[in-house]
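Chemist: Here's a structure for you.
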Amino acid sequence: MQAKNGPRPPDPPFILCPVLPIRDVVLFPGIIIPLFVGRQGSIKAVETALMRDRRIFVVAQKNADDLDPSFDSLYEVGTLCNVIQVARISDGTNKVLVEGVARMRNEGFVKADAMRVPIAGSDADAGKLMFARLSPMPWRLSASPNMEALKRRILVAFERYNALQPRIPAEVMSSITAIDDMGKLVNLIASHISVKAEAKQTILEIADIEPAMTTLLKTLLEEIGIMELERDIQERVRTVVDKQQKEYYLREQLRVIQDELGQKHPDGLDDEELKRYAEKIAASSMSEEAAEKGARELKRLEKMPLMSPEAVVVRNYLDWLLDLPWNERTVDNADIARAEAMLNSDHYGMEEVKDRVLEFLAVRRKAGQDMKAQIICFVGPPGVGKTSLGRSIANVLGRKFANVSLGGVRDEAEIRGHRRTYIGSLPGRIIQKLARAKSRNPVILLDEIDKLGSDRGDPAAALLEVLDPEQNSAFTDHYLEIPFDLSEVLFITTANVTHSIPKPLLDRMEVINLPGYTTREKVKIAVGHLIPRVLKENGLAKSHLRIAERTIERLISGYTREAGVRGLERELGAIARKVARKVVEASDKGEKTRFPVTVGGGDLFSYLGASKVHGTKLPKRPQLGSVVGLAWTEAGGEVLMIEAATMKGKGELSLTGQLGDIMQESARAAVGYLRSNAEKLGIGSFNWKESDIHVHVPEGAVPKDGPSAGVTMATAILSAVSRRRAASDMAMTGEISLRGHVLPVGGIKEKLLAAKRYGITRVILPGDNRADVLDIKEDVLGGMELEYVSEAADVFKKALVE
């Protein structure tokens, strides 16, 4: 076809030719190579060349990543070629065989749709095809006497190049050496060397033959230098590898011969050290199975080179095996009177825990070695003394103590150990603690067992064997590969909550709850334990500091409202540090300072700053739609206000304050009960369909959940709907059913402690929780009036006063 419009074809001496851009390849005249063509414009260029005179201008791209090259992204000099053959491949590309004819300089590109030339395809395809106006670029020859010398140097260098990288057949080499035409020689050699396309393009663009030959020689010599360096490096590496392989082969032969002769390795451990290992194994009183395992490993060690990796692994294994307390144990001190005195000295209160330890000692004296190991789990908020109690139990029994922190442990191998196939493998934490304790019957405290993770394997499942008295007499660590008896170990675990402990694991433990302390208990603990310890840690004597009990009470209420005493100890430490500074400064200045320094309630601001506790503010008078509730948290009991309000709307219930799903369901159950019993409750005239109810629990940044606020929310909603005020000196807890039954809840002691801290005098509890109150001390209940209810209607009668 003919283009309808466009300029006239150029006049000679220019050659008009379709353009075929190529990537990472530079084609020289006289060379036949296959090209794989897949781009649409390139395919059109080949088809147009076949349709015309088979001539095509092959030119390299400057950027190989450019999929749609423009005029400016192609080099100026390329090669005019003849298309010899085209074959279509199954993937849609074309394999084009071309022969370089002559170097050409591009004098200018032009799009096919702007010219009157025949092209393949339709008019729409013309925009994808480029033509070039080409001018010949023959070699400018030289009569320099250097030409023959350059030719010989190039041939010698090329022969050396081919010797280092023999990819050119011998007949091709022979034909190259017979070429007299310098231009053909440059084209042929440049096309056969493996260098970057930019280097080849540089040679192609040189017009004078002598500079072209000089550049070719320089390129050859650079490549030869790099290839010789690579060969030297490869040769050195091969020599080292061959030597190592030879040594390994000889060692293996020697090992086989030694095995046959029963001899030890000549580079292995000396006889003296092997003898020491054998004597230790014989004297260790380890089990028969362990002794046999140790003897086998020692026999393997005899036949190994001293510094071989396997020898290091075996020696570490033998060291761990010998470090274990196979028959070493401490004798329990079963003096109950002494034990009771020590426990009372170390800890204030905790009667249930102390009774349990004394019971253990009594049974130990009666049952002796027939007594099965007991697993005790202390559950309570932070700072109540769970960890220190475990240490005290070890002191009372006269046993060694070891602490294993399980918080964040996610790998089963932390418990069972790593298999010896891994580099740097070690026994599990239980075996490691036993080796360090040097006793087979220590007290091992497994701290924060409720915070076990699960990433690689299941650490909680691995603990089942450790804590099960029926299984732990033959606990097998993956590293040791032999059983070890854990039945004499007294395991004590600690946790803040029990719901995150897997049920099979919890079933193997005896749970003892440690609720928070009352203010009175905290004062006693501070006077008897914390202040003496703080004074000692800060280098003070009793004569330096005096803090009255009333000041400690103000410190507790204003700075450390918590279930335990950890924050209280921290604040006492801050006071002690300031007093220590006064003592040192007075000593340095030679001043006389009156001691002890007495800290009163009014002095707390100067020592500790403003009060740090901003608890829930309780109303002083009966409120409309506002009721005091009691909640349980991991840090102990807490008081919370539940507010309700009504407004015109569409009968919707709004719940705010970051309430969890269970708490939201309790609110809906409360509304369901109130609506279904509206007439009985005196709110039959309330228009539920045209009113919205909004229930809010302050401190919205703190997530809240659980069913125990059910009766509290029902009371608040009823107060808002009936316009009757709720008592301000009363708190309540309990789950509500859709039929108005008040169901029992947990954490009763912690909730009563919270009520005590806030000065609440009346508390409504579910009737089924009456038994939980029997174990609570009188000093917690003193001054409080507990009212037990079974129906929500009874709650409303007691709580709504107006």
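Every chain in the structure tokens has a letter given in the order shown (A, B, ...), and although residue numbers restart at 1 in each chain, ligands are simply numbered from 1 in the order shown.
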Would you give me, as JSON, numbers by chain, the residues in segment 145-391 of chain A that DSSP reads as strand (DSSP E or B)?

Modeler: {"A": [208, 375, 376, 377, 378, 379]}

Chemist: Excluding same-chain residues fewer than 2 positions from Val26 of chain A, what lies within 9 Å of it counting only C-alpha atoms, as a PyMOL selection string?

Modeler: chain A and resi 22-24+28+58-60+78-79+191+197-198+200-201+204

Chemist: Would you save the residues of that selection, restricted to all heavy atoms, as an mmCIF file, in the first residue's frame?

Modeler:
data_model
loop_
_atom_site.group_PDB
_atom_site.id
_atom_site.type_symbol
_atom_site.label_atom_id
_atom_site.label_comp_id
_atom_site.auth_asym_id
_atom_site.auth_seq_id
_atom_site.Cartn_x
_atom_site.Cartn_y
_atom_site.Cartn_z
ATOM 1 N N ILE A 22 17.617 -3.188 18.895
ATOM 2 C CA ILE A 22 17.939 -4.412 19.635
ATOM 3 C C ILE A 22 18.551 -4.028 20.979
ATOM 4 O O ILE A 22 19.084 -2.938 21.143
ATOM 5 C CB ILE A 22 18.896 -5.333 18.832
ATOM 6 C CG1 ILE A 22 20.184 -4.580 18.469
ATOM 7 C CG2 ILE A 22 18.198 -5.859 17.595
ATOM 8 C CD1 ILE A 22 21.207 -5.438 17.748
ATOM 9 N N ARG A 23 18.477 -4.968 21.950
ATOM 10 C CA ARG A 23 18.931 -4.702 23.316
ATOM 11 C C ARG A 23 20.112 -5.605 23.664
ATOM 12 O O ARG A 23 20.066 -6.804 23.389
ATOM 13 C CB ARG A 23 17.789 -4.945 24.313
ATOM 14 C CG ARG A 23 16.660 -3.953 24.160
ATOM 15 C CD ARG A 23 15.548 -4.225 25.152
ATOM 16 N NE ARG A 23 14.763 -5.396 24.787
ATOM 17 C CZ ARG A 23 13.671 -5.808 25.444
ATOM 18 N NH1 ARG A 23 13.258 -5.130 26.486
ATOM 19 N NH2 ARG A 23 13.009 -6.864 25.046
ATOM 20 N N ASP A 24 21.142 -5.005 24.286
ATOM 21 C CA ASP A 24 22.309 -5.737 24.799
ATOM 22 C C ASP A 24 23.096 -6.463 23.717
ATOM 23 O O ASP A 24 23.853 -7.395 24.015
ATOM 24 C CB ASP A 24 21.887 -6.750 25.883
ATOM 25 C CG ASP A 24 21.414 -6.063 27.149
ATOM 26 O OD1 ASP A 24 21.950 -4.988 27.466
ATOM 27 O OD2 ASP A 24 20.511 -6.602 27.815
ATOM 28 N N PHE A 28 27.908 -6.449 13.981
ATOM 29 C CA PHE A 28 28.975 -5.943 13.113
ATOM 30 C C PHE A 28 28.780 -6.452 11.687
ATOM 31 O O PHE A 28 28.174 -7.532 11.471
ATOM 32 C CB PHE A 28 30.347 -6.398 13.625
ATOM 33 C CG PHE A 28 30.803 -5.671 14.864
ATOM 34 C CD1 PHE A 28 30.413 -6.100 16.119
ATOM 35 C CD2 PHE A 28 31.612 -4.556 14.760
ATOM 36 C CE1 PHE A 28 30.834 -5.438 17.249
ATOM 37 C CE2 PHE A 28 32.045 -3.879 15.894
ATOM 38 C CZ PHE A 28 31.652 -4.310 17.141
ATOM 39 N N VAL A 58 19.762 -2.303 11.709
ATOM 40 C CA VAL A 58 19.805 -2.858 13.071
ATOM 41 C C VAL A 58 20.700 -1.966 13.933
ATOM 42 O O VAL A 58 21.884 -1.778 13.615
ATOM 43 C CB VAL A 58 20.340 -4.306 13.073
ATOM 44 C CG1 VAL A 58 20.409 -4.844 14.495
ATOM 45 C CG2 VAL A 58 19.441 -5.189 12.203
ATOM 46 N N VAL A 59 20.117 -1.413 14.993
ATOM 47 C CA VAL A 59 20.846 -0.474 15.844
ATOM 48 C C VAL A 59 20.553 -0.789 17.311
ATOM 49 O O VAL A 59 19.448 -1.197 17.665
ATOM 50 C CB VAL A 59 20.469 0.987 15.508
ATOM 51 C CG1 VAL A 59 19.001 1.248 15.760
ATOM 52 C CG2 VAL A 59 21.339 1.969 16.290
ATOM 53 N N ALA A 60 21.568 -0.622 18.183
ATOM 54 C CA ALA A 60 21.420 -0.958 19.611
ATOM 55 C C ALA A 60 20.743 0.188 20.379
ATOM 56 O O ALA A 60 20.883 1.363 20.035
ATOM 57 C CB ALA A 60 22.795 -1.239 20.232
ATOM 58 N N GLY A 78 24.781 2.159 13.395
ATOM 59 C CA GLY A 78 24.330 0.783 13.436
ATOM 60 C C GLY A 78 24.811 0.038 12.216
ATOM 61 O O GLY A 78 25.769 0.456 11.551
ATOM 62 N N THR A 79 24.131 -1.067 11.920
ATOM 63 C CA THR A 79 24.571 -1.908 10.802
ATOM 64 C C THR A 79 23.397 -2.159 9.867
ATOM 65 O O THR A 79 22.302 -2.556 10.309
ATOM 66 C CB THR A 79 25.112 -3.254 11.318
ATOM 67 O OG1 THR A 79 26.176 -2.991 12.230
ATOM 68 C CG2 THR A 79 25.635 -4.099 10.177
ATOM 69 N N SER A 191 33.109 -8.950 17.326
ATOM 70 C CA SER A 191 31.827 -9.643 17.488
ATOM 71 C C SER A 191 31.957 -10.910 18.331
ATOM 72 O O SER A 191 30.965 -11.404 18.870
ATOM 73 C CB SER A 191 31.248 -9.996 16.118
ATOM 74 O OG SER A 191 32.088 -10.935 15.452
ATOM 75 N N ALA A 197 27.931 -4.259 25.848
ATOM 76 C CA ALA A 197 27.488 -3.713 24.562
ATOM 77 C C ALA A 197 28.046 -2.314 24.337
ATOM 78 O O ALA A 197 28.330 -1.924 23.192
ATOM 79 C CB ALA A 197 25.960 -3.695 24.506
ATOM 80 N N GLU A 198 28.247 -1.533 25.397
ATOM 81 C CA GLU A 198 28.778 -0.174 25.240
ATOM 82 C C GLU A 198 30.191 -0.199 24.663
ATOM 83 O O GLU A 198 30.564 0.661 23.828
ATOM 84 C CB GLU A 198 28.790 0.541 26.596
ATOM 85 C CG GLU A 198 27.425 0.899 27.137
ATOM 86 C CD GLU A 198 26.779 -0.258 27.892
ATOM 87 O OE1 GLU A 198 27.347 -1.384 27.860
ATOM 88 O OE2 GLU A 198 25.696 -0.062 28.486
ATOM 89 N N LYS A 200 31.501 -2.567 22.697
ATOM 90 C CA LYS A 200 31.410 -2.934 21.282
ATOM 91 C C LYS A 200 30.901 -1.760 20.448
ATOM 92 O O LYS A 200 31.362 -1.524 19.322
ATOM 93 C CB LYS A 200 30.500 -4.144 21.107
ATOM 94 C CG LYS A 200 31.065 -5.440 21.659
ATOM 95 C CD LYS A 200 30.186 -6.621 21.280
ATOM 96 C CE LYS A 200 30.797 -7.942 21.740
ATOM 97 N NZ LYS A 200 30.000 -9.107 21.309
ATOM 98 N N GLN A 201 29.926 -1.012 20.979
ATOM 99 C CA GLN A 201 29.387 0.127 20.243
ATOM 100 C C GLN A 201 30.468 1.178 20.010
ATOM 101 O O GLN A 201 30.515 1.824 18.958
ATOM 102 C CB GLN A 201 28.217 0.721 21.030
ATOM 103 C CG GLN A 201 27.520 1.873 20.339
ATOM 104 C CD GLN A 201 26.748 1.459 19.100
ATOM 105 O OE1 GLN A 201 26.261 0.339 19.020
ATOM 106 N NE2 GLN A 201 26.662 2.345 18.106
ATOM 107 N N LEU A 204 32.393 0.078 17.061
ATOM 108 C CA LEU A 204 31.598 0.203 15.840
ATOM 109 C C LEU A 204 31.544 1.650 15.353
ATOM 110 O O LEU A 204 31.498 1.905 14.143
ATOM 111 C CB LEU A 204 30.183 -0.324 16.099
ATOM 112 C CG LEU A 204 29.227 -0.342 14.898
ATOM 113 C CD1 LEU A 204 29.695 -1.398 13.883
ATOM 114 C CD2 LEU A 204 27.799 -0.639 15.341
#

Chemist: Might you pull out every residue within 6 Å of segment 474-488 of chain A, with only C-alpha atoms counted and same-chain residues fewer than 5 positions away left off, and present them as an mmCIF file with N, CA and C atoms, in the first residue's frame?

Modeler:
data_model
loop_
_atom_site.group_PDB
_atom_site.id
_atom_site.type_symbol
_atom_site.label_atom_id
_atom_site.label_comp_id
_atom_site.auth_asym_id
_atom_site.auth_seq_id
_atom_site.Cartn_x
_atom_site.Cartn_y
_atom_site.Cartn_z
ATOM 1 N N ALA A 373 4.785 -35.382 94.418
ATOM 2 C CA ALA A 373 5.094 -33.951 94.288
ATOM 3 C C ALA A 373 3.799 -33.157 94.124
ATOM 4 N N ARG A 416 11.434 -28.297 76.645
ATOM 5 C CA ARG A 416 11.927 -29.655 76.385
ATOM 6 C C ARG A 416 13.373 -29.704 75.912
ATOM 7 N N GLY A 417 13.949 -28.564 75.550
ATOM 8 C CA GLY A 417 15.322 -28.568 75.057
ATOM 9 C C GLY A 417 15.383 -28.721 73.549
ATOM 10 N N HIS A 418 16.549 -28.394 72.978
ATOM 11 C CA HIS A 418 16.786 -28.514 71.543
ATOM 12 C C HIS A 418 17.485 -29.842 71.247
ATOM 13 N N ARG A 419 17.146 -30.425 70.147
ATOM 14 C CA ARG A 419 17.844 -31.652 69.749
ATOM 15 C C ARG A 419 19.285 -31.320 69.357
ATOM 16 N N ARG A 420 20.174 -32.258 69.559
ATOM 17 C CA ARG A 420 21.595 -31.993 69.367
ATOM 18 C C ARG A 420 21.980 -31.819 67.907
ATOM 19 N N PRO A 427 19.956 -27.883 76.676
ATOM 20 C CA PRO A 427 18.784 -28.481 77.339
ATOM 21 C C PRO A 427 17.721 -27.418 77.586
ATOM 22 N N ASN A 441 15.904 -31.953 94.259
ATOM 23 C CA ASN A 441 14.617 -31.635 94.894
ATOM 24 C C ASN A 441 14.504 -30.151 95.253
#

Chemist: Please report, as a list in words, each residue of segment 678-761 of chain A to which DSSP assigns helix (DSSP H, G or I) when run on this structure's backbone.

Modeler: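 Filtering segment 678-761 of chain A down to helix (DSSP H, G or I) leaves Gly710, Val711, Thr712, Met713, Ala714, Thr715, Ala716, Ile717, Leu718, Ser719, Ala720, Val721, Ser722, Ile748, Lys749, Glu750, Lys751, Leu752, Leu753, Ala754, Ala755, Lys756 and Arg757 of chain A.
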
Chemist: Which of these, A:Ile525, A:Ile56, A:Leu220, A:Leu506, has the shortest distance to Arg133 of chain A once you count only C-alpha atoms?

Modeler: A:Ile56

Chemist: Would you pick out the contacts of Val353 of chain A at 10 Å or less, using only C-alpha atoms, so that residues sharing its chain but fewer than 4 positions from it are not included, and give the list as a list in words?

Modeler: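 The filter keeps Leu343, Gly349, Val357, Leu358, Glu359, Ile376, Phe378, Leu389, Ile393, Ile512, Asn513 and Leu514 of chain A.
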
Chemist: Write the residues you've just listed into a file as a PDB file, in the first residue's frame, and include C-alpha atoms for each of them.

Modeler:
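Contents of the output file again21.pdb:
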ATOM      1  CA  LEU A 343       6.577 -17.544 107.194  1.00  0.00           C
ATOM      2  CA  GLY A 349      -1.333 -12.215 106.312  1.00  0.00           C
ATOM      3  CA  VAL A 357       2.839 -24.976 103.350  1.00  0.00           C
ATOM      4  CA  LEU A 358       2.541 -26.261 106.916  1.00  0.00           C
ATOM      5  CA  GLU A 359       0.212 -29.028 105.710  1.00  0.00           C
ATOM      6  CA  ILE A 376       0.798 -25.096  93.670  1.00  0.00           C
ATOM      7  CA  PHE A 378      -0.539 -18.702  93.237  1.00  0.00           C
ATOM      8  CA  LEU A 389       6.386 -16.303  98.679  1.00  0.00           C
ATOM      9  CA  ILE A 393       8.806 -21.595 100.908  1.00  0.00           C
ATOM     10  CA  ILE A 512      -4.489 -20.656  95.751  1.00  0.00           C
ATOM     11  CA  ASN A 513      -5.895 -17.169  95.267  1.00  0.00           C
ATOM     12  CA  LEU A 514      -3.970 -14.209  96.677  1.00  0.00           C
TER      13      LEU A 514
END

Chemist: For a quick check of understanding, using only C-alpha atoms, which of A:Ala586, A:Leu221, A:Leu324, A:Ala714 has the smallest distance to Ser284 of chain A?

Modeler: A:Leu324

Chemist: Excluding segment 327-333 of chain A and any residue of its chain fewer than 5 positions from it, enumerate the residues within 8 Å of it, using only C-alpha atoms, and give them as a JSON list (two decimals) with N, CA and C atoms, in the first residue's frame.

Modeler:
[["chain", "number", "residue", "atom", "x", "y", "z"],
["A", 285, "SER", "N", 26.91, -41.47, 90.15],
["A", 285, "SER", "CA", 25.68, -42.11, 90.62],
["A", 285, "SER", "C", 24.49, -41.80, 89.72],
["A", 286, "MET", "N", 24.74, -41.58, 88.43],
["A", 286, "MET", "CA", 23.63, -41.37, 87.50],
["A", 286, "MET", "C", 22.95, -42.70, 87.22],
["A", 396, "VAL", "N", 12.02, -22.01, 104.01],
["A", 396, "VAL", "CA", 11.40, -22.76, 105.11],
["A", 396, "VAL", "C", 11.73, -24.24, 105.02],
["A", 397, "LEU", "N", 11.70, -24.78, 103.79],
["A", 397, "LEU", "CA", 11.97, -26.21, 103.61],
["A", 397, "LEU", "C", 13.46, -26.53, 103.64],
["A", 398, "GLY", "N", 14.29, -25.49, 103.50],
["A", 398, "GLY", "CA", 15.72, -25.75, 103.43],
["A", 398, "GLY", "C", 16.15, -26.27, 102.08],
["A", 399, "ARG", "N", 15.39, -25.92, 101.02],
["A", 399, "ARG", "CA", 15.70, -26.40, 99.67],
["A", 399, "ARG", "C", 16.33, -25.29, 98.84],
["A", 400, "LYS", "N", 17.00, -25.70, 97.75],
["A", 400, "LYS", "CA", 17.50, -24.73, 96.79],
["A", 400, "LYS", "C", 16.32, -24.12, 96.04],
["A", 438, "LYS", "N", 22.13, -27.76, 91.61],
["A", 438, "LYS", "CA", 22.91, -28.86, 92.17],
["A", 438, "LYS", "C", 22.09, -29.67, 93.18],
["A", 439, "SER", "N", 20.81, -29.78, 92.90],
["A", 439, "SER", "CA", 19.93, -30.56, 93.78],
["A", 439, "SER", "C", 18.78, -31.09, 92.94],
["A", 440, "ARG", "N", 18.36, -32.33, 93.22],
["A", 440, "ARG", "CA", 17.27, -32.92, 92.45],
["A", 440, "ARG", "C", 15.91, -32.64, 93.09],
["A", 441, "ASN", "N", 15.90, -31.95, 94.26],
["A", 441, "ASN", "CA", 14.62, -31.63, 94.89],
["A", 441, "ASN", "C", 14.50, -30.15, 95.25],
["A", 442, "PRO", "N", 14.81, -29.26, 94.30],
["A", 442, "PRO", "CA", 14.70, -27.84, 94.62],
["A", 442, "PRO", "C", 13.24, -27.38, 94.56]]

Chemist: Would you pick out the contacts of Ser345 of chain A at 10 Å or less, using only C-alpha atoms, so that residues sharing its chain but fewer than 4 positions from it are not included, and give the list as a PyMOL selection string?

Modeler: chain A and resi 339-341+392+528-529

Chemist: Determine, for each residue of segment 488-538 of chain A having at least one atom at most 10 Å from an atom of segment 634-656 of chain A, the closest pair of atoms and their separation in Å to one decimal, counting only C-alpha atoms; order by chain and ascending number, as CSV.

Modeler:
residue,atom,partner,partner_atom,distance
A:Ala495,CA,A:Glu634,CA,9.8
A:Asn496,CA,A:Glu634,CA,6.0
A:Val497,CA,A:Glu634,CA,6.6
A:Leu514,CA,A:Gly636,CA,9.9
A:Pro515,CA,A:Gly636,CA,7.0
A:Gly516,CA,A:Gly636,CA,6.0
A:Tyr517,CA,A:Gly636,CA,9.3

Chemist: Which polymer residues have any atom within 8 Å of an atom of segment 310-322 of chain A, counting only C-alpha atoms, with same-chain residues fewer than 5 positions away left out, as a list of chain:residue names?

Modeler: A:Lys280, A:Ile281, A:Ser284, A:Ala290, A:Gly294, A:Glu297, A:Leu298, A:Leu301, A:Met304, A:Pro305, A:Arg420, A:Ala435, A:Leu480

Chemist: Could you tell me which of A:Ala163, A:Ile662, A:Val795, A:Ile31 comes closest to Ile224 of chain A if we count only C-alpha atoms?

Modeler: A:Ala163

Chemist: When distances are computed from only C-alpha atoms, which of A:Ser175, A:Gln253, A:Ser73, A:Gln623 shows the smallest separation from Asp729 of chain A?

Modeler: A:Gln623

Chemist: Go through segment 437-540 of chain A residue by residue and, counting only C-alpha atoms, keep those with an atom at most 9 Å from segment 572-577 of chain A; for each kept residue give the shortest atom pair and its distance in Å to one decimal, ordered by chain and increasing number, as JSON lines.

Modeler:
{"residue": "A:Ala526", "atom": "CA", "partner": "A:Leu572", "partner_atom": "CA", "distance": 8.7}
{"residue": "A:Leu530", "atom": "CA", "partner": "A:Leu572", "partner_atom": "CA", "distance": 7.9}
{"residue": "A:Ile531", "atom": "CA", "partner": "A:Leu572", "partner_atom": "CA", "distance": 7.0}
{"residue": "A:Val534", "atom": "CA", "partner": "A:Gly573", "partner_atom": "CA", "distance": 5.6}
{"residue": "A:Leu535", "atom": "CA", "partner": "A:Ala576", "partner_atom": "CA", "distance": 6.6}
{"residue": "A:Glu537", "atom": "CA", "partner": "A:Gly573", "partner_atom": "CA", "distance": 8.5}
{"residue": "A:Asn538", "atom": "CA", "partner": "A:Arg577", "partner_atom": "CA", "distance": 6.4}
{"residue": "A:Leu540", "atom": "CA", "partner": "A:Ala576", "partner_atom": "CA", "distance": 7.8}

Chemist: State, in Å with one decimal place, the distance from atom CA of Glu569 of chain A to atom CA of Phe595 of chain A.

Modeler: 21.9 Å

Chemist: Atom CA of Thr177 of chain A and atom CA of Ile84 of chain A are how many Å apart?

Modeler: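 Going from atom CA of Thr177 of chain A over to atom CA of Ile84 of chain A, I get 27.1 Å.
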
Chemist: Grab the atom CA of Thr519 of chain A to atom CA of Arg757 of chain A distance for me, in Å with one decimal place.

Modeler: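 Interatomic distance, atom CA of Thr519 of chain A to atom CA of Arg757 of chain A: 7.2 Å.
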